[in-house]
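Structure file query07.cif with mmCIF, C-alpha atoms:
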data_input
#
loop_
_atom_site.label_atom_id
_atom_site.label_comp_id
_atom_site.auth_asym_id
_atom_site.auth_seq_id
_atom_site.Cartn_x
_atom_site.Cartn_y
_atom_site.Cartn_z
CA ASP A 1 0.00 0.00 0.00
CA THR A 2 1.51 3.27 -1.11
CA ALA A 3 1.18 5.87 1.64
CA VAL A 4 1.58 8.97 -0.56
CA SER A 5 1.04 8.53 -4.27
CA GLN A 6 1.44 10.93 -7.15
CA THR A 7 0.35 10.71 -10.75
CA PRO A 8 1.79 10.91 -13.25
CA LYS A 9 5.37 9.95 -12.45
CA TYR A 10 6.64 11.60 -15.64
CA LEU A 11 5.06 14.45 -17.54
CA VAL A 12 6.44 15.83 -20.79
CA THR A 13 4.57 18.73 -22.32
CA GLN A 14 4.90 21.76 -24.53
CA MET A 15 5.35 25.31 -23.34
CA GLY A 16 2.05 27.10 -22.90
CA ASN A 17 0.05 23.99 -22.02
CA ASP A 18 -1.95 23.50 -18.82
CA LYS A 19 -1.31 20.36 -16.78
CA SER A 20 -2.20 18.82 -13.43
CA ILE A 21 -0.40 16.56 -11.00
CA LYS A 22 -2.47 14.55 -8.54
CA CYS A 23 -1.52 13.54 -5.02
CA GLU A 24 -3.29 11.22 -2.62
CA GLN A 25 -2.38 10.04 0.87
CA ASN A 26 -3.98 7.13 2.71
CA LEU A 27 -2.37 7.85 6.08
CA GLY A 28 -5.24 9.85 7.53
CA HIS A 29 -3.01 12.91 7.81
CA ASP A 30 -4.39 16.41 8.19
CA THR A 31 -1.69 18.28 6.31
CA MET A 32 -0.37 17.99 2.77
CA TYR A 33 2.42 19.83 0.98
CA TRP A 34 3.86 20.46 -2.46
CA TYR A 35 7.61 20.83 -2.86
CA LYS A 36 9.69 21.66 -5.91
CA GLN A 37 13.19 20.28 -6.26
CA ASP A 38 15.10 23.11 -7.82
CA SER A 39 18.05 23.02 -10.19
CA LYS A 40 20.46 22.89 -7.26
CA LYS A 41 18.58 19.89 -5.84
CA PHE A 42 17.09 21.80 -2.90
CA LEU A 43 13.57 20.88 -1.84
CA LYS A 44 11.58 24.12 -1.62
CA ILE A 45 8.09 24.35 -0.18
CA MET A 46 5.44 25.67 -2.56
CA PHE A 47 2.16 25.13 -0.76
CA SER A 48 0.72 23.46 2.28
CA TYR A 49 -2.86 22.66 3.13
CA ASN A 50 -4.26 21.78 6.54
CA ASN A 51 -7.70 20.19 6.58
CA LYS A 52 -8.33 21.44 3.03
CA GLU A 53 -7.35 24.99 4.00
CA LEU A 54 -4.40 26.77 2.37
CA ILE A 55 -1.76 27.55 5.00
CA ILE A 56 1.40 28.28 3.07
CA ASN A 57 1.66 29.89 -0.31
CA GLU A 58 5.28 30.63 -1.00
CA THR A 59 6.29 33.09 -3.67
CA VAL A 60 5.07 30.84 -6.41
CA PRO A 61 3.72 32.28 -9.69
CA ASN A 62 -0.06 32.35 -9.71
CA ARG A 63 0.05 30.02 -12.70
CA PHE A 64 0.36 27.35 -10.03
CA SER A 65 -2.90 26.60 -8.27
CA PRO A 66 -3.32 23.88 -5.66
CA LYS A 67 -6.70 22.28 -5.09
CA SER A 68 -7.67 20.14 -2.13
CA PRO A 69 -11.04 18.46 -2.67
CA ASP A 70 -10.66 16.60 0.63
CA LYS A 71 -8.04 15.94 3.31
CA ALA A 72 -6.60 12.99 1.42
CA HIS A 73 -5.98 14.79 -1.86
CA LEU A 74 -3.92 17.78 -2.91
CA ASN A 75 -3.65 18.39 -6.64
CA LEU A 76 -1.40 20.87 -8.37
CA HIS A 77 -2.60 22.59 -11.51
CA ILE A 78 -0.16 24.58 -13.62
CA ASN A 79 -1.31 26.99 -16.32
CA SER A 80 0.69 28.27 -19.25
CA LEU A 81 3.69 26.09 -18.58
CA GLU A 82 7.13 27.66 -19.02
CA LEU A 83 10.54 26.11 -19.61
CA GLY A 84 11.58 27.08 -16.07
CA ASP A 85 8.82 24.96 -14.61
CA SER A 86 10.77 21.84 -15.53
CA ALA A 87 11.63 20.17 -12.22
CA VAL A 88 10.69 17.30 -9.97
CA TYR A 89 7.62 18.02 -7.84
CA PHE A 90 7.06 16.16 -4.59
CA CYS A 91 3.90 15.85 -2.60
CA ALA A 92 4.13 15.14 1.13
CA SER A 93 1.86 14.76 4.12
CA SER A 94 2.17 14.93 7.90
CA LEU A 95 -0.09 14.02 10.76
CA ILE A 96 -0.69 17.61 11.80
CA PHE A 97 0.55 20.92 10.55
CA VAL A 98 4.34 21.29 10.66
CA SER A 99 5.62 20.48 14.07
CA TYR A 100 7.44 17.54 15.52
CA ASN A 101 5.81 15.30 12.97
CA GLU A 102 7.82 13.77 10.19
CA GLN A 103 6.69 14.26 6.64
CA PHE A 104 5.90 11.39 4.30
CA PHE A 105 6.84 12.02 0.68
CA GLY A 106 5.40 10.78 -2.56
CA PRO A 107 7.60 9.36 -5.34
CA GLY A 108 7.82 12.65 -7.20
CA THR A 109 6.65 13.79 -10.63
CA ARG A 110 9.32 14.75 -13.12
CA LEU A 111 7.91 17.55 -15.27
CA THR A 112 9.69 18.41 -18.50
CA VAL A 113 8.53 21.43 -20.47
CA LEU A 114 9.75 21.56 -24.07
CA ILE B 1 16.91 34.27 4.59
CA LEU B 2 17.31 31.05 6.55
CA ASN B 3 20.14 28.84 5.39
CA VAL B 4 20.64 25.23 6.27
CA GLU B 5 24.05 23.97 5.27
CA GLN B 6 25.17 20.40 5.08
CA SER B 7 28.73 19.19 4.79
CA PRO B 8 30.30 17.55 3.07
CA GLN B 9 28.18 17.63 -0.08
CA SER B 10 29.38 14.16 -0.99
CA LEU B 11 31.24 11.41 0.75
CA HIS B 12 32.70 8.05 -0.27
CA VAL B 13 33.19 5.54 2.53
CA GLN B 14 34.52 2.01 2.51
CA GLU B 15 32.06 -0.69 3.57
CA GLY B 16 32.46 -1.41 7.25
CA ASP B 17 33.83 2.03 8.11
CA SER B 18 31.93 4.48 10.27
CA THR B 19 31.18 8.00 9.11
CA ASN B 20 29.46 11.20 10.10
CA PHE B 21 28.32 14.45 8.54
CA THR B 22 27.00 17.79 9.64
CA CYS B 23 23.93 19.95 9.37
CA SER B 24 24.32 23.63 10.38
CA PHE B 25 21.35 25.87 11.00
CA PRO B 26 20.56 29.23 12.64
CA SER B 27 20.76 28.85 16.42
CA SER B 28 18.08 31.39 17.30
CA ASN B 29 14.37 30.55 17.61
CA PHE B 30 15.00 26.85 17.10
CA TYR B 31 11.94 24.61 17.02
CA ALA B 32 12.80 21.30 15.36
CA LEU B 33 15.31 19.56 13.12
CA HIS B 34 14.38 16.73 10.77
CA TRP B 35 16.70 14.18 9.15
CA TYR B 36 15.62 12.33 6.00
CA ARG B 37 17.22 9.56 4.00
CA TRP B 38 16.73 9.77 0.23
CA GLU B 39 17.68 6.82 -1.92
CA THR B 40 18.06 7.30 -5.66
CA ALA B 41 14.78 6.89 -7.55
CA LYS B 42 12.81 6.82 -4.30
CA SER B 43 11.29 9.48 -2.07
CA PRO B 44 12.76 10.96 1.11
CA GLU B 45 12.06 8.92 4.24
CA ALA B 46 12.17 10.34 7.74
CA LEU B 47 14.93 9.17 10.03
CA PHE B 48 14.61 11.45 13.03
CA VAL B 49 12.82 14.53 14.30
CA MET B 50 14.82 16.27 17.02
CA THR B 51 13.63 19.06 19.24
CA LEU B 52 15.68 19.31 22.42
CA ASN B 53 19.21 20.58 22.87
CA GLY B 54 21.45 17.62 23.64
CA ASP B 55 18.97 15.20 22.09
CA GLU B 56 20.43 12.00 20.75
CA LYS B 57 18.38 9.62 18.62
CA LYS B 58 19.25 6.19 17.28
CA LYS B 59 17.81 3.85 14.69
CA GLY B 60 19.88 0.73 14.17
CA ARG B 61 23.37 1.76 13.07
CA ILE B 62 22.34 5.38 12.47
CA SER B 63 22.30 7.97 15.21
CA ALA B 64 22.04 11.75 15.42
CA THR B 65 22.91 14.43 17.95
CA LEU B 66 21.62 17.96 18.29
CA ASN B 67 23.21 21.16 19.58
CA THR B 68 20.69 23.98 19.32
CA LYS B 69 22.88 26.55 21.10
CA GLU B 70 25.57 26.39 18.46
CA GLY B 71 23.29 25.39 15.62
CA TYR B 72 24.43 22.00 14.40
CA SER B 73 23.42 18.37 14.23
CA TYR B 74 25.58 15.38 13.42
CA LEU B 75 24.43 12.20 11.76
CA TYR B 76 26.54 9.11 12.44
CA ILE B 77 26.53 5.80 10.60
CA LYS B 78 28.35 2.93 12.26
CA GLY B 79 29.75 0.08 10.17
CA SER B 80 28.53 1.42 6.80
CA GLN B 81 26.79 -1.01 4.47
CA PRO B 82 26.11 -0.63 0.71
CA GLU B 83 22.41 -0.11 1.47
CA ASP B 84 23.34 3.05 3.39
CA SER B 85 24.20 4.72 0.08
CA ALA B 86 21.75 7.61 -0.22
CA THR B 87 21.45 11.36 0.14
CA TYR B 88 20.87 12.45 3.72
CA LEU B 89 18.83 15.62 4.10
CA CYS B 90 18.33 17.77 7.14
CA ALA B 91 15.51 20.29 7.46
CA PHE B 92 15.08 23.05 9.99
CA LEU B 93 12.00 24.63 11.52
CA ILE B 94 12.07 27.85 13.51
CA GLN B 95 9.51 28.93 16.06
CA GLY B 96 6.54 30.60 14.48
CA ALA B 97 7.49 29.46 11.01
CA GLN B 98 5.24 27.34 8.94
CA LYS B 99 7.69 25.50 6.75
CA LEU B 100 10.69 23.23 6.81
CA VAL B 101 13.83 24.64 5.23
CA PHE B 102 15.90 21.88 3.70
CA GLY B 103 19.63 21.62 3.27
CA GLN B 104 21.12 20.46 0.01
CA GLY B 105 21.98 17.06 1.42
CA THR B 106 25.06 14.91 1.85
CA ARG B 107 25.37 12.29 -0.84
CA LEU B 108 26.88 9.17 0.73
CA THR B 109 28.32 6.34 -1.36
CA ILE B 110 29.48 3.15 0.30
CA ASN B 111 32.16 1.31 -1.62
CA PRO B 112 32.05 -2.48 -1.28
#
Taking this structure as input, can you express it in the form of structure tokens?
Amino acid sequence: DTAVSQTPKYLVTQMGNDKSIKCEQNLGHDTMYWYKQDSKKFLKIMFSYNNKELIINETVPNRFSPKSPDKAHLNLHINSLELGDSAVYFCASSLIFVSYNEQFFGPGTRLTVL
Amino acid sequence: ILNVEQSPQSLHVQEGDSTNFTCSFPSSNFYALHWYRWETAKSPEALFVMTLNGDEKKKGRISATLNTKEGYSYLYIKGSQPEDSATYLCAFLIQGAQKLVFGQGTRLTINP
């Protein structure tokens, strides 16, 4: 049983397209996150949701819009994709909002914008 | 800007040897430090979450210490095995903040 799953694993698309990445966790956690692994391999937080409510929105272009239909899902929609959006995106979850609780990561989605 | 620095960036160790590496973080307003193990083609997995100065945690052959006053944590691996090859990430959380700040990781390769 995969605890945190993401689909798709790989996404290759043209500049200007709109695409979505889905994330689901079956751990019963309250909080979910999206991270971007940048060109220097750092994991940088993009968004976090707690009980379907947006908590963190880092300085991410508004072409990126997270959607949380319920506590177990946090999807990432990206409009008008740009070359610089190419990266690996990781979803994660934790029991409660950022504290002593470890985060559980999904397998990542490698996005390539051509 | 909060910086979390890990050193060295990469490390090659002979199987059976012990090793350690460092995570440095701002010493003020400390709240928690996380260590994650990230194998190639997999996702990061939590090793430890540390919160108290002087804390020491252990999981099998891996242990970690925490010094919040001087702003560092050490991760130790005793008797390295090939399966220990991975990138080890630390992540820092300050009081009142809402996000983990990750270091770049130490990439460990165990040579058989």
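In this comparison, which uses all atoms listed in the file, the residue of B:Asn20, B:Ser73, B:Asn111, B:Gln98 approaching Trp35 of chain B most closely is B:Ser73.
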On this structure, which residues satisfy the PyMOL selection byres ((chain A) within 7 of (chain B)), written as a PyMOL selection string?
-> chain A and resi 41-43+98+100+102-108
Written as an mmCIF file with C-alpha atoms, in the coordinates of the input, which residues does the PyMOL selection byres ((chain B and resi 84) around 9) give for the file shown?
data_model
loop_
_atom_site.group_PDB
_atom_site.id
_atom_site.type_symbol
_atom_site.label_atom_id
_atom_site.label_comp_id
_atom_site.auth_asym_id
_atom_site.auth_seq_id
_atom_site.Cartn_x
_atom_site.Cartn_y
_atom_site.Cartn_z
ATOM 1 C CA ARG B 37 17.220 9.560 4.000
ATOM 2 C CA GLU B 39 17.680 6.820 -1.920
ATOM 3 C CA ILE B 77 26.530 5.800 10.600
ATOM 4 C CA SER B 80 28.530 1.420 6.800
ATOM 5 C CA GLN B 81 26.790 -1.010 4.470
ATOM 6 C CA PRO B 82 26.110 -0.630 0.710
ATOM 7 C CA GLU B 83 22.410 -0.110 1.470
ATOM 8 C CA SER B 85 24.200 4.720 0.080
ATOM 9 C CA ALA B 86 21.750 7.610 -0.220
ATOM 10 C CA LEU B 108 26.880 9.170 0.730
ATOM 11 C CA THR B 109 28.320 6.340 -1.360
ATOM 12 C CA ILE B 110 29.480 3.150 0.300
#
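Take the PyMOL selection byres ((chain A and resi 7) around 12) and apply it to this file: it picks Val4, Ser5, Gln6, Pro8, Lys9, Tyr10, Leu11, Lys19, Ser20, Ile21, Lys22, Cys23, Glu24, Gln25, His73, Leu74, Asn75, Leu76, Tyr89, Phe90, Cys91, Gly106, Pro107, Gly108, Thr109, Arg110 and Leu111 of chain A.
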Correct to one decimal, the distance atom CA of Asn26 of chain A-atom CA of Tyr49 of chain A is 15.6 Å
Find the residues near segment 80-86 of chain A: any atom within 9 Å, counting all atoms listed in the file, skip ones fewer than 5 places away on the same chain, and give them as an NGL selection string.
-> :A and (13-19 or 38 or 63 or 110-114)
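Interatomic distance, atom CA of Ser68 of chain A to atom CA of Glu53 of chain A: 7.8 Å.
We find atom CA of Gly16 of chain B and atom CA of Asp55 of chain B to be spaced 26.0 Å apart.
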Top pick for closest residue to Tyr33 of chain A, considering A:Val60, A:Val12, A:Ile55, A:Val88 and counting all atoms listed in the file =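 When distances to Tyr33 of chain A are compared using all atoms listed in the file, the smallest one comes from A:Ile55.
Using all atoms listed in the file, the shortest contact distance between Gln37 of chain A and any of A:Ala72, A:Ala87, A:Ala3, A:Ile78 is found at A:Ala87.
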Nearby residues, (25.6, 16.2, 7.8) file frame, 6 Å, only C-alpha atoms, as a ChimeraX atom specification = /B:6-7,21-23,74-75
Those residues you just picked out, can you put them in a file as a PDB file, in the coordinates of the input with C-alpha atoms?
ATOM      1  CA  GLN B   6      25.170  20.400   5.080  1.00  0.00           C
ATOM      2  CA  SER B   7      28.730  19.190   4.790  1.00  0.00           C
ATOM      3  CA  PHE B  21      28.320  14.450   8.540  1.00  0.00           C
ATOM      4  CA  THR B  22      27.000  17.790   9.640  1.00  0.00           C
ATOM      5  CA  CYS B  23      23.930  19.950   9.370  1.00  0.00           C
ATOM      6  CA  TYR B  74      25.580  15.380  13.420  1.00  0.00           C
ATOM      7  CA  LEU B  75      24.430  12.200  11.760  1.00  0.00           C
TER       8      LEU B  75
END
Protein/DNA/RNA residues near (-9.3, 13.6, 2.6), cut 8 Å, all atoms listed in the file, as number ranges by chain | A: 25, 28, 30, 51-52, 69-73
Leaving out Ser63 of chain B and any residue of its chain fewer than 4 positions from it, which residues lie within 6 Å of it when counting only C-alpha atoms, given as a list in words?
->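 In the requested form, the answer reads Lys57, Lys58, Leu75 and Tyr76 of chain B.
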Minimum-distance residue to Gly54 of chain B, chosen among B:Thr106, B:Gly79, B:Thr40, B:Tyr72 (using all atoms listed in the file) | B:Tyr72
Please write a file for segment 16-35 of chain A, taken from the block I just shared, that holds N, CA, C and O atoms and is laid out as an mmCIF file, in the first residue's frame.
data_model
loop_
_atom_site.group_PDB
_atom_site.id
_atom_site.type_symbol
_atom_site.label_atom_id
_atom_site.label_comp_id
_atom_site.auth_asym_id
_atom_site.auth_seq_id
_atom_site.Cartn_x
_atom_site.Cartn_y
_atom_site.Cartn_z
ATOM 1 N N GLY A 16 3.358 26.487 -22.683
ATOM 2 C CA GLY A 16 2.055 27.096 -22.898
ATOM 3 C C GLY A 16 0.880 26.206 -22.519
ATOM 4 O O GLY A 16 -0.248 26.706 -22.357
ATOM 5 N N ASN A 17 1.137 24.911 -22.392
ATOM 6 C CA ASN A 17 0.050 23.992 -22.019
ATOM 7 C C ASN A 17 -0.325 24.139 -20.549
ATOM 8 O O ASN A 17 0.424 24.708 -19.745
ATOM 9 N N ASP A 18 -1.505 23.578 -20.214
ATOM 10 C CA ASP A 18 -1.950 23.498 -18.818
ATOM 11 C C ASP A 18 -1.919 22.024 -18.418
ATOM 12 O O ASP A 18 -2.388 21.165 -19.165
ATOM 13 N N LYS A 19 -1.392 21.745 -17.237
ATOM 14 C CA LYS A 19 -1.309 20.356 -16.781
ATOM 15 C C LYS A 19 -1.590 20.266 -15.287
ATOM 16 O O LYS A 19 -1.454 21.260 -14.554
ATOM 17 N N SER A 20 -1.955 19.058 -14.858
ATOM 18 C CA SER A 20 -2.202 18.819 -13.429
ATOM 19 C C SER A 20 -1.415 17.621 -12.941
ATOM 20 O O SER A 20 -1.190 16.664 -13.686
ATOM 21 N N ILE A 21 -1.028 17.690 -11.685
ATOM 22 C CA ILE A 21 -0.397 16.557 -11.000
ATOM 23 C C ILE A 21 -1.280 16.237 -9.790
ATOM 24 O O ILE A 21 -1.689 17.147 -9.054
ATOM 25 N N LYS A 22 -1.578 14.945 -9.639
ATOM 26 C CA LYS A 22 -2.466 14.552 -8.540
ATOM 27 C C LYS A 22 -1.666 13.920 -7.404
ATOM 28 O O LYS A 22 -0.662 13.251 -7.626
ATOM 29 N N CYS A 23 -2.158 14.119 -6.196
ATOM 30 C CA CYS A 23 -1.517 13.536 -5.021
ATOM 31 C C CYS A 23 -2.601 13.017 -4.080
ATOM 32 O O CYS A 23 -3.594 13.704 -3.824
ATOM 33 N N GLU A 24 -2.350 11.816 -3.571
ATOM 34 C CA GLU A 24 -3.287 11.222 -2.616
ATOM 35 C C GLU A 24 -2.512 10.585 -1.479
ATOM 36 O O GLU A 24 -1.470 9.966 -1.710
ATOM 37 N N GLN A 25 -3.002 10.730 -0.262
ATOM 38 C CA GLN A 25 -2.381 10.036 0.874
ATOM 39 C C GLN A 25 -3.447 9.223 1.605
ATOM 40 O O GLN A 25 -4.581 9.682 1.785
ATOM 41 N N ASN A 26 -3.048 8.014 2.003
ATOM 42 C CA ASN A 26 -3.977 7.134 2.712
ATOM 43 C C ASN A 26 -3.570 6.936 4.166
ATOM 44 O O ASN A 26 -3.858 5.891 4.779
ATOM 45 N N LEU A 27 -2.888 7.938 4.707
ATOM 46 C CA LEU A 27 -2.375 7.847 6.083
ATOM 47 C C LEU A 27 -3.307 8.499 7.102
ATOM 48 O O LEU A 27 -3.032 8.466 8.288
ATOM 49 N N GLY A 28 -4.349 9.147 6.608
ATOM 50 C CA GLY A 28 -5.241 9.849 7.532
ATOM 51 C C GLY A 28 -4.651 11.138 8.065
ATOM 52 O O GLY A 28 -5.091 11.643 9.105
ATOM 53 N N HIS A 29 -3.665 11.676 7.367
ATOM 54 C CA HIS A 29 -3.007 12.908 7.812
ATOM 55 C C HIS A 29 -3.865 14.135 7.525
ATOM 56 O O HIS A 29 -4.683 14.142 6.612
ATOM 57 N N ASP A 30 -3.631 15.160 8.357
ATOM 58 C CA ASP A 30 -4.390 16.405 8.187
ATOM 59 C C ASP A 30 -3.740 17.366 7.201
ATOM 60 O O ASP A 30 -4.411 18.243 6.669
ATOM 61 N N THR A 31 -2.428 17.255 7.046
ATOM 62 C CA THR A 31 -1.694 18.282 6.307
ATOM 63 C C THR A 31 -0.989 17.683 5.102
ATOM 64 O O THR A 31 -0.410 16.602 5.173
ATOM 65 N N MET A 32 -1.049 18.416 3.992
ATOM 66 C CA MET A 32 -0.368 17.994 2.769
ATOM 67 C C MET A 32 0.425 19.161 2.202
ATOM 68 O O MET A 32 0.094 20.336 2.444
ATOM 69 N N TYR A 33 1.481 18.829 1.468
ATOM 70 C CA TYR A 33 2.424 19.832 0.975
ATOM 71 C C TYR A 33 2.792 19.553 -0.478
ATOM 72 O O TYR A 33 2.764 18.406 -0.928
ATOM 73 N N TRP A 34 3.179 20.594 -1.179
ATOM 74 C CA TRP A 34 3.860 20.461 -2.461
ATOM 75 C C TRP A 34 5.236 21.107 -2.343
ATOM 76 O O TRP A 34 5.360 22.247 -1.873
ATOM 77 N N TYR A 35 6.240 20.349 -2.802
ATOM 78 C CA TYR A 35 7.610 20.829 -2.860
ATOM 79 C C TYR A 35 8.092 20.787 -4.300
ATOM 80 O O TYR A 35 7.686 19.918 -5.077
#
